[in-house]
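Okay, structure first, notes after.
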Amino acid sequence: MINELAPRPHNSGHFTIDACVTSQFEQQVRAICGLPLGSTEQLRPAAMANLLGDLWEHGEPDWNAALAIPGVKLHLYGKHAPRSGRKMGHLTALAETTAEAKANVEEARRQLTPKHA
């Protein structure tokens, strides 16, 4: 039995877009095209947080508040309809240490939810 076949990069590695010499997306293209694989070196400590459709429950998330935190980057996947549990995007935080990156991305994620929610 097979649960899922997904010949694509997995969302758990999307941080590679911002933090690594070669992103998982570029690496997949290189592999499919028979090109030399790129360096997987991580350039800076990073942490990532998924953005689920639940964030839109009380309206548009507060992107300005999240992006005010140093080193935080926003990636939205262009999906039109947010639904509970649906992955709509992610935040990546880059920092001097993994612990700092984790703290920053968690704080940015908290900032997305309106204070009255």
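Identifiers for the structure tokens are assigned positionally: chains receive A, B, ... in sequence, residues are indexed from 1 per chain, and ligands are indexed from 1 in the order shown.
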
task: Once DSSP has gone over the backbone, tell me which residues of segment 23-52 of chain A are in helix (DSSP H, G or I), as a PyMOL selection string.
output: chain A and resi 24-32

field: All residues 9 Å or closer to Gln111 of chain A, only C-alpha atoms, same chain fewer than 6 positions away omitted, as a list in words
entry: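 Listed by chain and then number, they are Pro61, Asp62, Trp63, Asn64, Ala65 and Ala66 of chain A.
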
Restricting it to C-alpha atoms, dump the selection as a short mmCIF file (atom, residue, chain, number, x, y, z; two decimals), in the first residue's frame.
```
data_model
loop_
_atom_site.label_atom_id
_atom_site.label_comp_id
_atom_site.auth_asym_id
_atom_site.auth_seq_id
_atom_site.Cartn_x
_atom_site.Cartn_y
_atom_site.Cartn_z
CA PRO A 61 -2.79 38.25 9.14
CA ASP A 62 -0.64 41.16 10.36
CA TRP A 63 2.26 40.75 7.92
CA ASN A 64 3.85 44.07 8.97
CA ALA A 65 4.16 42.97 12.60
CA ALA A 66 5.77 39.65 11.68
#
```

- prompt: Do you know which residues are at most 12 Å from Ala81 of chain A counting only C-alpha atoms, after dropping those on the same chain fewer than 5 positions away, and could you put them as an MDAnalysis selection string?
  reply: chainID A and resid 52:57 86:88

Let's have the selection written as a PDB file, in the first residue's frame, with C-alpha atoms.
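Final file, again-v3.pdb:
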```
ATOM      1  CA  LEU A  52      -1.893  27.403   8.101  1.00  0.00           C
ATOM      2  CA  GLY A  53      -5.244  28.659   6.868  1.00  0.00           C
ATOM      3  CA  ASP A  54      -6.427  29.098  10.452  1.00  0.00           C
ATOM      4  CA  LEU A  55      -4.456  32.369  10.552  1.00  0.00           C
ATOM      5  CA  TRP A  56      -7.056  34.002   8.280  1.00  0.00           C
ATOM      6  CA  GLU A  57      -9.939  33.150  10.637  1.00  0.00           C
ATOM      7  CA  ARG A  86      -4.223  24.049   4.858  1.00  0.00           C
ATOM      8  CA  LYS A  87      -0.589  25.103   4.359  1.00  0.00           C
ATOM      9  CA  MET A  88      -0.714  28.608   2.936  1.00  0.00           C
TER      10      MET A  88
END
```

- prompt: Using only C-alpha atoms, which residue out of A:Arg110, A:Arg8, A:His14, A:His58 lies closest to Tyr77 of chain A?
  reply: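 That would be A:His14, the residue with the smallest distance to Tyr77 of chain A.
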
Non-local contacts of Val21 of chain A (7 Å; only C-alpha atoms; under 3 positions in same chain excluded) as a PDB file with C-alpha atoms, in the first residue's frame:
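Final output, result-v5.pdb:
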```
ATOM      1  CA  SER A  39      26.397  22.508  -2.313  1.00  0.00           C
ATOM      2  CA  THR A  40      24.013  21.760   0.551  1.00  0.00           C
ATOM      3  CA  GLU A  41      25.985  24.041   2.877  1.00  0.00           C
ATOM      4  CA  GLN A  42      23.789  26.033   5.237  1.00  0.00           C
ATOM      5  CA  LEU A  43      24.952  29.650   5.170  1.00  0.00           C
TER       6      LEU A  43
END
```

message: One decimal, in Å: what's the spacing between atom CA of Ala19 of chain A and atom CA of Leu94 of chain A?
response: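 For atom CA of Ala19 of chain A relative to atom CA of Leu94 of chain A, the distance reads 7.1 Å.
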
task: Find the residue from A:Pro45, A:Pro9, A:Gly59, A:Gly38 that sits nearest to Thr113 of chain A; use only C-alpha atoms when measuring.
output: A:Gly59

task: From segment 9-102 of chain A, collect each residue whose DSSP state is strand (DSSP E) and return the set as an NGL selection string.
output: :A and (46-52 or 72-76 or 87-94)

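For the choices A:His10, A:Ser23, A:Leu37, A:Ala49, the atom-to-atom distance to Lys102 of chain A is smallest for A:Ala49 when using only C-alpha atoms.
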
message: So, with only C-alpha atoms as the atoms that count, which of A:Leu35, A:Ile17, A:Met48, A:Ala93 lies closest to Ala68 of chain A?
response: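 With only C-alpha atoms as the atom set, the closest residue is A:Ala93.
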
field: Length of the atom CA of Glu60 of chain A to atom CA of Thr16 of chain A vector [Å]
entry: 26.4 Å
